[in-house]
Amino acid sequence: MVLWRPGLATDDDGMNYISTRGGAPRVGFTEALLAGLAPDGGLYMPESWPRVSDADIASFAGRPYAEVAADIFGRFVGDDITPQTLRRLCAEAYATFDHAAVTPLIQLSPGEFLLELFRGPTLAFKDVAMQILSRLYEHALATRARTLTIVCATSGDTGGAAVEAFKGRANVRIVALFPEGRISEVQRRFMTTGARANARAVAVAGDFDDCQAIVKALFNDHAFSREVDLSGVNSINIARIIAQSVYYFTAAAALGAPARSVRFCVPTGNFGDAYAGYAARRMGLSISAITAAVNSNDIVARALTTGRYERGAACATQSPAMDIQVASNFERLYFECAGRDSDLTAAAFEDFAATGAIDIPHNILAGMRETLTGVAVTEDETSLAMARVLADTGELIDPHTAVAVAGARACGAIQTAPLVILATAHAAKFPEAVNAATGATPSAPAGVGDRMTLPEVFDRLPADIDSIKAYVRAFVSEDA
Ligand SMILES: *Cc1c(COP(=O)(O)O)cnc(C)c1O
């Protein structure tokens, strides 16, 4: 077994990771996994994308999801994990889902499909990545004497998925920061109920962007980061992007890839999920277009439409997991479309941190538009989409999925390429919004269980870096 060793970090077989900002040493898979954010403030990227051949893509049709996941991950881990171990970890991770297909496709209309990504333990697509991440962490940490501290910012679903996936795992503790009052009760209860000695949930007096900025500031304080052995599982973590690219492959293969190309429409907040589709395309999957659908927090749609990536004030919507104004993974797309020029990327995103805006150079914008279109969806359109899907198909969809269904109108007519809309959460996670739009109440699946009646445990803190640092230090010293 190859373990994470500072100073011996890169992988001889060439599967290494570099920072979008070019100021961090290249590292192997395990170090990129356990770090989350690169030490120069950039995001880790594989040095080059592995190429998945047409024959391999064709062979994914009908194969168990866990096997495809192990195949894709196998191309990214180098020598860090053996194929047998990867297969076992993937099999365990996806056995926690309640559908034999793990991420089933259901048909909405001719040529239009929903990809259900919410069949995991916390009823949102975050489980797809978090269930395998927690097992990869545990495997990598198995013989280390140290305990990592994961601090994650959540717009509602990441926190619950992370607490569920990491609870009780050895050598890791987790703190989930959520914006107080801005997530649904069901989302909150996945973080705040049940036994979880190594996990804490914190209601921060601010919005998601405040929570995410705090996490980034903790990483950028290198002394603090070393002191608590900080790690990150937000979609800044490249392993999440890899895990999420898998369902693009399985869905496209089921619909006829590589012979037939497929289009995707993705509800977008932090741009992780849509970026995973872009990554699958870079790996050779025949994706003809990806539409990033956003709610009124429309920074990504504005950037793709106007060429100006400019932060606005976050506003609360019925799709709270997308109430985000700084879409972290946009930096990865920028880096790629800038021909992997890390100086240009670093300058642009350091500027963005200072001024809140980037004017995307024409050639970079053109590169983004080759694959991506952005569309912003109003609250009314979101509600109408929930009502229309119920009337047309009998299915209840959640408000995030509804943003993508409404945004799909921007995808143009169904011709040869089928359209796959990512369904990112179970309707029962947002019963009030679903009921207001449709008059129907989604029934809670087994995953919700007795969470609605169990007592909640969480702390409250101001949106202040020093308060969060003190809180994390106290948690770390508890079991030191
Ligand atoms: C996180 C989340 C999204 C947005 O995904 P990003 O990767 O942040 O773009 C969409 N829908 C739901 C239900 C989510 O939890």
# chains A, B, ... in the order shown; residues from 1 in each chain; ligands from 1
$ residues_near_ligand --ligand "ligand 1" --cutoff "6 Å" --atoms "only C-alpha atoms and all ligand atoms" --output "ChimeraX atom specification"
/A:124,157,267-273,321-322,400,424-425
$ select_by_dssp --residues "stretch 114-258 of chain A" --states "alpha helix (DSSP H)" --output "ChimeraX atom specification"
/A:126-141,157-166,185-192,208-220,222-228,238-254
$ residues_around --residues "A:Lys429" --least-positions-apart "6" --cutoff "12 Å" --atoms "only C-alpha atoms" --output "ChimeraX atom specification"
/A:118,121-125,156-157,160,183-190,318-321,396-401,435,441-445,447-448,451-452
$ residues_around --residues "A:Leu419" --least-positions-apart "6" --cutoff "8 Å" --atoms "only C-alpha atoms" --output "ChimeraX atom specification"
/A:111-113,262-265
$ select_by_dssp --residues "stretch 241-451 of chain A" --states "strand (DSSP E or B)" --output "PyMOL selection string"
chain A and resi 262-267+287-294+308-310+357-359+372-376+419-423+425
$ residues_around --residues "A:Ala303" --least-positions-apart "2" --cutoff "12 Å" --atoms "only C-alpha atoms" --output "PDB file with N, CA and C atoms, in the first residue's frame"
ATOM      1  N   ALA A 292     -25.710  24.945 -18.207  1.00  0.00           N
ATOM      2  CA  ALA A 292     -25.650  25.200 -16.771  1.00  0.00           C
ATOM      3  C   ALA A 292     -26.854  26.059 -16.412  1.00  0.00           C
ATOM      4  N   VAL A 294     -29.155  27.988 -13.695  1.00  0.00           N
ATOM      5  CA  VAL A 294     -29.014  28.586 -12.365  1.00  0.00           C
ATOM      6  C   VAL A 294     -30.327  29.241 -11.952  1.00  0.00           C
ATOM      7  N   ASN A 297     -29.457  33.487  -8.544  1.00  0.00           N
ATOM      8  CA  ASN A 297     -28.031  33.679  -8.276  1.00  0.00           C
ATOM      9  C   ASN A 297     -27.295  33.205  -9.532  1.00  0.00           C
ATOM     10  N   ASP A 298     -27.162  34.157 -10.473  1.00  0.00           N
ATOM     11  CA  ASP A 298     -26.925  33.765 -11.864  1.00  0.00           C
ATOM     12  C   ASP A 298     -25.520  34.070 -12.367  1.00  0.00           C
ATOM     13  N   ILE A 299     -24.527  34.099 -11.471  1.00  0.00           N
ATOM     14  CA  ILE A 299     -23.186  34.522 -11.892  1.00  0.00           C
ATOM     15  C   ILE A 299     -22.655  33.676 -13.050  1.00  0.00           C
ATOM     16  N   VAL A 300     -22.888  32.361 -13.025  1.00  0.00           N
ATOM     17  CA  VAL A 300     -22.335  31.502 -14.074  1.00  0.00           C
ATOM     18  C   VAL A 300     -23.034  31.770 -15.411  1.00  0.00           C
ATOM     19  N   ALA A 301     -24.356  31.925 -15.372  1.00  0.00           N
ATOM     20  CA  ALA A 301     -25.092  32.186 -16.615  1.00  0.00           C
ATOM     21  C   ALA A 301     -24.693  33.546 -17.196  1.00  0.00           C
ATOM     22  N   THR A 305     -22.897  34.263 -20.786  1.00  0.00           N
ATOM     23  CA  THR A 305     -23.654  35.061 -21.747  1.00  0.00           C
ATOM     24  C   THR A 305     -22.921  36.358 -22.100  1.00  0.00           C
ATOM     25  N   THR A 306     -22.411  37.042 -21.054  1.00  0.00           N
ATOM     26  CA  THR A 306     -21.862  38.390 -21.291  1.00  0.00           C
ATOM     27  C   THR A 306     -20.341  38.436 -21.312  1.00  0.00           C
ATOM     28  N   GLY A 307     -19.682  37.399 -20.766  1.00  0.00           N
ATOM     29  CA  GLY A 307     -18.223  37.433 -20.707  1.00  0.00           C
ATOM     30  C   GLY A 307     -17.693  38.113 -19.455  1.00  0.00           C
ATOM     31  N   ARG A 308     -18.593  38.594 -18.602  1.00  0.00           N
ATOM     32  CA  ARG A 308     -18.125  39.199 -17.352  1.00  0.00           C
ATOM     33  C   ARG A 308     -18.551  38.314 -16.181  1.00  0.00           C
ATOM     34  N   TYR A 309     -17.549  37.805 -15.460  1.00  0.00           N
ATOM     35  CA  TYR A 309     -17.797  36.958 -14.282  1.00  0.00           C
ATOM     36  C   TYR A 309     -17.780  37.897 -13.081  1.00  0.00           C
ATOM     37  N   GLU A 310     -18.970  38.226 -12.585  1.00  0.00           N
ATOM     38  CA  GLU A 310     -19.055  39.272 -11.567  1.00  0.00           C
ATOM     39  C   GLU A 310     -19.978  38.860 -10.440  1.00  0.00           C
ATOM     40  N   ARG A 311     -19.432  38.938  -9.256  1.00  0.00           N
ATOM     41  CA  ARG A 311     -20.161  38.552  -8.065  1.00  0.00           C
ATOM     42  C   ARG A 311     -21.288  39.531  -7.779  1.00  0.00           C
ATOM     43  N   GLY A 312     -22.464  39.011  -7.421  1.00  0.00           N
ATOM     44  CA  GLY A 312     -23.562  39.858  -6.961  1.00  0.00           C
ATOM     45  C   GLY A 312     -23.884  39.490  -5.525  1.00  0.00           C
ATOM     46  N   GLN A 325     -22.876  32.765  -5.159  1.00  0.00           N
ATOM     47  CA  GLN A 325     -22.445  33.816  -6.089  1.00  0.00           C
ATOM     48  C   GLN A 325     -20.980  33.688  -6.489  1.00  0.00           C
ATOM     49  N   VAL A 326     -20.249  32.792  -5.812  1.00  0.00           N
ATOM     50  CA  VAL A 326     -18.860  32.576  -6.224  1.00  0.00           C
ATOM     51  C   VAL A 326     -18.728  31.093  -6.544  1.00  0.00           C
ATOM     52  N   ALA A 327     -18.705  30.770  -7.817  1.00  0.00           N
ATOM     53  CA  ALA A 327     -18.764  29.380  -8.257  1.00  0.00           C
ATOM     54  C   ALA A 327     -17.346  28.829  -8.371  1.00  0.00           C
ATOM     55  N   PHE A 330     -15.500  27.396 -11.405  1.00  0.00           N
ATOM     56  CA  PHE A 330     -15.348  28.194 -12.617  1.00  0.00           C
ATOM     57  C   PHE A 330     -13.863  28.436 -12.897  1.00  0.00           C
ATOM     58  N   LEU A 333     -12.534  25.700 -15.105  1.00  0.00           N
ATOM     59  CA  LEU A 333     -12.927  25.886 -16.506  1.00  0.00           C
ATOM     60  C   LEU A 333     -12.075  26.976 -17.152  1.00  0.00           C
ATOM     61  N   TYR A 334     -11.863  28.052 -16.413  1.00  0.00           N
ATOM     62  CA  TYR A 334     -11.063  29.170 -16.915  1.00  0.00           C
ATOM     63  C   TYR A 334      -9.651  28.696 -17.255  1.00  0.00           C
ATOM     64  N   ALA A 357     -14.792  40.868  -9.794  1.00  0.00           N
ATOM     65  CA  ALA A 357     -15.164  40.699 -11.210  1.00  0.00           C
ATOM     66  C   ALA A 357     -13.965  40.295 -12.061  1.00  0.00           C
ATOM     67  N   ILE A 358     -14.268  39.554 -13.124  1.00  0.00           N
ATOM     68  CA  ILE A 358     -13.269  39.228 -14.148  1.00  0.00           C
ATOM     69  C   ILE A 358     -13.910  39.498 -15.505  1.00  0.00           C
ATOM     70  N   ASP A 359     -13.192  40.212 -16.378  1.00  0.00           N
ATOM     71  CA  ASP A 359     -13.636  40.306 -17.770  1.00  0.00           C
ATOM     72  C   ASP A 359     -12.914  39.200 -18.522  1.00  0.00           C
ATOM     73  N   ILE A 360     -13.680  38.202 -18.950  1.00  0.00           N
ATOM     74  CA  ILE A 360     -13.072  37.010 -19.548  1.00  0.00           C
ATOM     75  C   ILE A 360     -12.578  37.351 -20.956  1.00  0.00           C
ATOM     76  N   PRO A 361     -11.289  37.147 -21.222  1.00  0.00           N
ATOM     77  CA  PRO A 361     -10.781  37.446 -22.563  1.00  0.00           C
ATOM     78  C   PRO A 361     -11.549  36.647 -23.624  1.00  0.00           C
ATOM     79  N   HIS A 362     -11.634  37.244 -24.801  1.00  0.00           N
ATOM     80  CA  HIS A 362     -12.489  36.702 -25.857  1.00  0.00           C
ATOM     81  C   HIS A 362     -12.192  35.235 -26.196  1.00  0.00           C
ATOM     82  N   ILE A 364     -10.791  32.928 -24.386  1.00  0.00           N
ATOM     83  CA  ILE A 364     -11.142  32.020 -23.286  1.00  0.00           C
ATOM     84  C   ILE A 364     -12.659  31.799 -23.266  1.00  0.00           C
ATOM     85  N   LEU A 365     -13.400  32.892 -23.433  1.00  0.00           N
ATOM     86  CA  LEU A 365     -14.857  32.800 -23.458  1.00  0.00           C
ATOM     87  C   LEU A 365     -15.318  31.908 -24.620  1.00  0.00           C
ATOM     88  N   ALA A 366     -14.678  32.063 -25.766  1.00  0.00           N
ATOM     89  CA  ALA A 366     -15.051  31.240 -26.924  1.00  0.00           C
ATOM     90  C   ALA A 366     -14.841  29.763 -26.609  1.00  0.00           C
ATOM     91  N   MET A 368     -14.996  28.347 -23.645  1.00  0.00           N
ATOM     92  CA  MET A 368     -16.055  27.914 -22.725  1.00  0.00           C
ATOM     93  C   MET A 368     -17.341  27.624 -23.496  1.00  0.00           C
ATOM     94  N   ARG A 369     -17.643  28.522 -24.455  1.00  0.00           N
ATOM     95  CA  ARG A 369     -18.923  28.415 -25.169  1.00  0.00           C
ATOM     96  C   ARG A 369     -18.957  27.243 -26.149  1.00  0.00           C
ATOM     97  N   LEU A 372     -20.364  24.918 -23.272  1.00  0.00           N
ATOM     98  CA  LEU A 372     -21.289  25.355 -22.231  1.00  0.00           C
ATOM     99  C   LEU A 372     -22.182  26.517 -22.632  1.00  0.00           C
ATOM    100  N   THR A 373     -23.431  26.441 -22.174  1.00  0.00           N
ATOM    101  CA  THR A 373     -24.365  27.555 -22.272  1.00  0.00           C
ATOM    102  C   THR A 373     -24.903  27.787 -20.874  1.00  0.00           C
ATOM    103  N   GLY A 374     -25.189  29.023 -20.524  1.00  0.00           N
ATOM    104  CA  GLY A 374     -25.787  29.303 -19.214  1.00  0.00           C
ATOM    105  C   GLY A 374     -27.216  29.786 -19.393  1.00  0.00           C
ATOM    106  N   VAL A 375     -28.074  29.411 -18.454  1.00  0.00           N
ATOM    107  CA  VAL A 375     -29.442  29.922 -18.493  1.00  0.00           C
ATOM    108  C   VAL A 375     -29.911  30.188 -17.060  1.00  0.00           C
ATOM    109  N   ALA A 376     -30.530  31.351 -16.858  1.00  0.00           N
ATOM    110  CA  ALA A 376     -31.056  31.691 -15.527  1.00  0.00           C
ATOM    111  C   ALA A 376     -32.562  31.468 -15.522  1.00  0.00           C
TER     112      ALA A 376
END
$ closest_residue --among "A:Tyr65, A:Phe458, A:Tyr248, A:Phe29" --to "A:Arg87" --atoms "only C-alpha atoms"
A:Tyr65
$ atom_distance --atom1 "atom CA of A:Gly28" --atom2 "atom CA of A:Asp221"
22.7 Å
$ closest_residue --among "A:Glu31, A:Asp54, A:Asp40, A:Asp343" --to "A:Val77" --atoms "only C-alpha atoms"
A:Glu31
$ residues_around --residues "A:Phe73" --least-positions-apart "4" --cutoff "10 Å" --atoms "only C-alpha atoms" --output "list in words"
Glu67, Val68, Ala69, Val77, Gly78, Ile81, Pro83, Leu86, Arg87, Cys90, Ala239, Ile242, Ala243, Ser245 and Val246 of chain A
$ residues_around --residues "A:Ile241" --least-positions-apart "4" --cutoff "12 Å" --atoms "only C-alpha atoms" --output "PDB file with C-alpha atoms, in the first residue's frame"
ATOM      1  CA  LEU A  33      -7.348  14.047  -2.320  1.00  0.00           C
ATOM      2  CA  GLY A  36      -8.620  19.559  -1.055  1.00  0.00           C
ATOM      3  CA  LEU A  43      -7.535  24.080  -7.353  1.00  0.00           C
ATOM      4  CA  TYR A  44      -5.845  20.788  -8.177  1.00  0.00           C
ATOM      5  CA  MET A  45      -6.130  19.492 -11.729  1.00  0.00           C
ATOM      6  CA  PRO A  46      -4.805  16.279 -13.261  1.00  0.00           C
ATOM      7  CA  ILE A  72     -12.722   5.734 -14.178  1.00  0.00           C
ATOM      8  CA  PHE A  73     -11.000   6.243 -10.800  1.00  0.00           C
ATOM      9  CA  PHE A  76      -6.638   8.902 -11.902  1.00  0.00           C
ATOM     10  CA  LYS A 126     -23.610  14.886  -3.032  1.00  0.00           C
ATOM     11  CA  VAL A 128     -22.408   9.988  -5.096  1.00  0.00           C
ATOM     12  CA  ALA A 129     -19.030  11.610  -4.439  1.00  0.00           C
ATOM     13  CA  MET A 130     -19.026  11.685  -0.647  1.00  0.00           C
ATOM     14  CA  ILE A 132     -16.521   7.072  -2.201  1.00  0.00           C
ATOM     15  CA  LEU A 133     -14.452  10.006  -0.846  1.00  0.00           C
ATOM     16  CA  VAL A 233     -14.302  17.953   0.691  1.00  0.00           C
ATOM     17  CA  ASN A 234     -16.124  20.761  -1.067  1.00  0.00           C
ATOM     18  CA  SER A 235     -16.117  20.428  -4.838  1.00  0.00           C
ATOM     19  CA  ILE A 236     -12.746  22.180  -4.715  1.00  0.00           C
ATOM     20  CA  ASN A 237     -11.610  18.575  -4.092  1.00  0.00           C
ATOM     21  CA  SER A 245     -17.832  12.417 -14.004  1.00  0.00           C
ATOM     22  CA  VAL A 246     -18.780   8.731 -13.694  1.00  0.00           C
ATOM     23  CA  TYR A 247     -22.534   9.232 -14.095  1.00  0.00           C
ATOM     24  CA  TYR A 248     -22.019  11.243 -17.262  1.00  0.00           C
ATOM     25  CA  ASN A 270     -20.687  25.998  -7.273  1.00  0.00           C
ATOM     26  CA  PHE A 271     -20.269  24.687 -10.842  1.00  0.00           C
ATOM     27  CA  GLY A 272     -18.831  21.354  -9.623  1.00  0.00           C
ATOM     28  CA  ASP A 273     -21.418  19.094 -11.203  1.00  0.00           C
ATOM     29  CA  ALA A 274     -21.440  20.884 -14.562  1.00  0.00           C
ATOM     30  CA  TYR A 275     -17.636  20.930 -14.516  1.00  0.00           C
ATOM     31  CA  ALA A 276     -17.596  17.145 -13.971  1.00  0.00           C
ATOM     32  CA  GLY A 277     -19.493  16.870 -17.260  1.00  0.00           C
ATOM     33  CA  TYR A 278     -16.931  19.087 -18.936  1.00  0.00           C
ATOM     34  CA  ALA A 279     -14.212  16.795 -17.528  1.00  0.00           C
ATOM     35  CA  ALA A 280     -15.981  13.716 -18.963  1.00  0.00           C
ATOM     36  CA  ASN A 329     -15.052  25.443 -10.032  1.00  0.00           C
ATOM     37  CA  ARG A 332     -10.999  25.101 -13.330  1.00  0.00           C
TER      38      ARG A 332
END
$ decode --residues "stretch 395-421 of chain A" --atoms "N, CA and C atoms" --output "mmCIF file, in the first residue's frame"
data_model
loop_
_atom_site.group_PDB
_atom_site.id
_atom_site.type_symbol
_atom_site.label_atom_id
_atom_site.label_comp_id
_atom_site.auth_asym_id
_atom_site.auth_seq_id
_atom_site.Cartn_x
_atom_site.Cartn_y
_atom_site.Cartn_z
ATOM 1 N N GLU A 395 -44.408 12.380 -11.865
ATOM 2 C CA GLU A 395 -43.229 12.414 -10.979
ATOM 3 C C GLU A 395 -43.181 13.741 -10.221
ATOM 4 N N LEU A 396 -42.819 13.654 -8.930
ATOM 5 C CA LEU A 396 -42.541 14.881 -8.176
ATOM 6 C C LEU A 396 -41.043 15.148 -8.252
ATOM 7 N N ILE A 397 -40.676 16.335 -8.706
ATOM 8 C CA ILE A 397 -39.247 16.680 -8.744
ATOM 9 C C ILE A 397 -38.976 17.770 -7.725
ATOM 10 N N ASP A 398 -37.724 17.891 -7.306
ATOM 11 C CA ASP A 398 -37.357 18.892 -6.300
ATOM 12 C C ASP A 398 -37.060 20.223 -6.993
ATOM 13 N N PRO A 399 -36.993 21.330 -6.233
ATOM 14 C CA PRO A 399 -36.817 22.635 -6.883
ATOM 15 C C PRO A 399 -35.492 22.804 -7.638
ATOM 16 N N HIS A 400 -34.431 22.095 -7.238
ATOM 17 C CA HIS A 400 -33.157 22.219 -7.965
ATOM 18 C C HIS A 400 -33.265 21.551 -9.333
ATOM 19 N N THR A 401 -33.830 20.337 -9.309
ATOM 20 C CA THR A 401 -34.072 19.634 -10.558
ATOM 21 C C THR A 401 -34.983 20.474 -11.453
ATOM 22 N N ALA A 402 -35.957 21.142 -10.831
ATOM 23 C CA ALA A 402 -36.912 21.955 -11.598
ATOM 24 C C ALA A 402 -36.218 23.121 -12.299
ATOM 25 N N VAL A 403 -35.180 23.670 -11.684
ATOM 26 C CA VAL A 403 -34.421 24.740 -12.348
ATOM 27 C C VAL A 403 -33.829 24.204 -13.651
ATOM 28 N N ALA A 404 -33.322 22.980 -13.599
ATOM 29 C CA ALA A 404 -32.731 22.397 -14.817
ATOM 30 C C ALA A 404 -33.818 22.042 -15.830
ATOM 31 N N VAL A 405 -34.957 21.550 -15.358
ATOM 32 C CA VAL A 405 -36.048 21.224 -16.284
ATOM 33 C C VAL A 405 -36.505 22.507 -16.990
ATOM 34 N N ALA A 406 -36.662 23.584 -16.219
ATOM 35 C CA ALA A 406 -37.071 24.859 -16.828
ATOM 36 C C ALA A 406 -35.966 25.372 -17.756
ATOM 37 N N GLY A 407 -34.723 25.217 -17.334
ATOM 38 C CA GLY A 407 -33.597 25.703 -18.136
ATOM 39 C C GLY A 407 -33.417 24.914 -19.418
ATOM 40 N N ALA A 408 -33.966 23.706 -19.466
ATOM 41 C CA ALA A 408 -33.786 22.846 -20.640
ATOM 42 C C ALA A 408 -34.410 23.468 -21.881
ATOM 43 N N ARG A 409 -35.315 24.419 -21.693
ATOM 44 C CA ARG A 409 -35.914 25.083 -22.874
ATOM 45 C C ARG A 409 -34.835 25.793 -23.689
ATOM 46 N N ALA A 410 -33.717 26.147 -23.010
ATOM 47 C CA ALA A 410 -32.629 26.830 -23.710
ATOM 48 C C ALA A 410 -31.782 25.854 -24.516
ATOM 49 N N CYS A 411 -32.067 24.557 -24.367
ATOM 50 C CA CYS A 411 -31.211 23.558 -25.018
ATOM 51 C C CYS A 411 -31.591 23.327 -26.477
ATOM 52 N N GLY A 412 -32.691 23.907 -26.930
ATOM 53 C CA GLY A 412 -33.086 23.732 -28.326
ATOM 54 C C GLY A 412 -33.858 22.434 -28.525
ATOM 55 N N ALA A 413 -34.287 22.221 -29.756
ATOM 56 C CA ALA A 413 -35.133 21.076 -30.060
ATOM 57 C C ALA A 413 -34.367 19.767 -29.920
ATOM 58 N N ILE A 414 -35.088 18.722 -29.545
ATOM 59 C CA ILE A 414 -34.497 17.396 -29.501
ATOM 60 C C ILE A 414 -34.355 16.924 -30.950
ATOM 61 N N GLN A 415 -33.129 16.765 -31.417
ATOM 62 C CA GLN A 415 -32.962 16.239 -32.770
ATOM 63 C C GLN A 415 -32.351 14.855 -32.652
ATOM 64 N N THR A 416 -31.050 14.779 -32.818
ATOM 65 C CA THR A 416 -30.472 13.448 -32.699
ATOM 66 C C THR A 416 -29.927 13.177 -31.311
ATOM 67 N N ALA A 417 -29.408 14.218 -30.658
ATOM 68 C CA ALA A 417 -28.780 13.977 -29.362
ATOM 69 C C ALA A 417 -29.815 14.044 -28.246
ATOM 70 N N PRO A 418 -30.010 12.963 -27.506
ATOM 71 C CA PRO A 418 -30.951 13.026 -26.390
ATOM 72 C C PRO A 418 -30.445 13.986 -25.314
ATOM 73 N N LEU A 419 -31.389 14.494 -24.534
ATOM 74 C CA LEU A 419 -31.061 15.444 -23.480
ATOM 75 C C LEU A 419 -31.242 14.784 -22.114
ATOM 76 N N VAL A 420 -30.198 14.848 -21.298
ATOM 77 C CA VAL A 420 -30.258 14.291 -19.944
ATOM 78 C C VAL A 420 -30.260 15.445 -18.946
ATOM 79 N N ILE A 421 -31.297 15.507 -18.124
ATOM 80 C CA ILE A 421 -31.406 16.543 -17.100
ATOM 81 C C ILE A 421 -31.006 15.908 -15.766
#
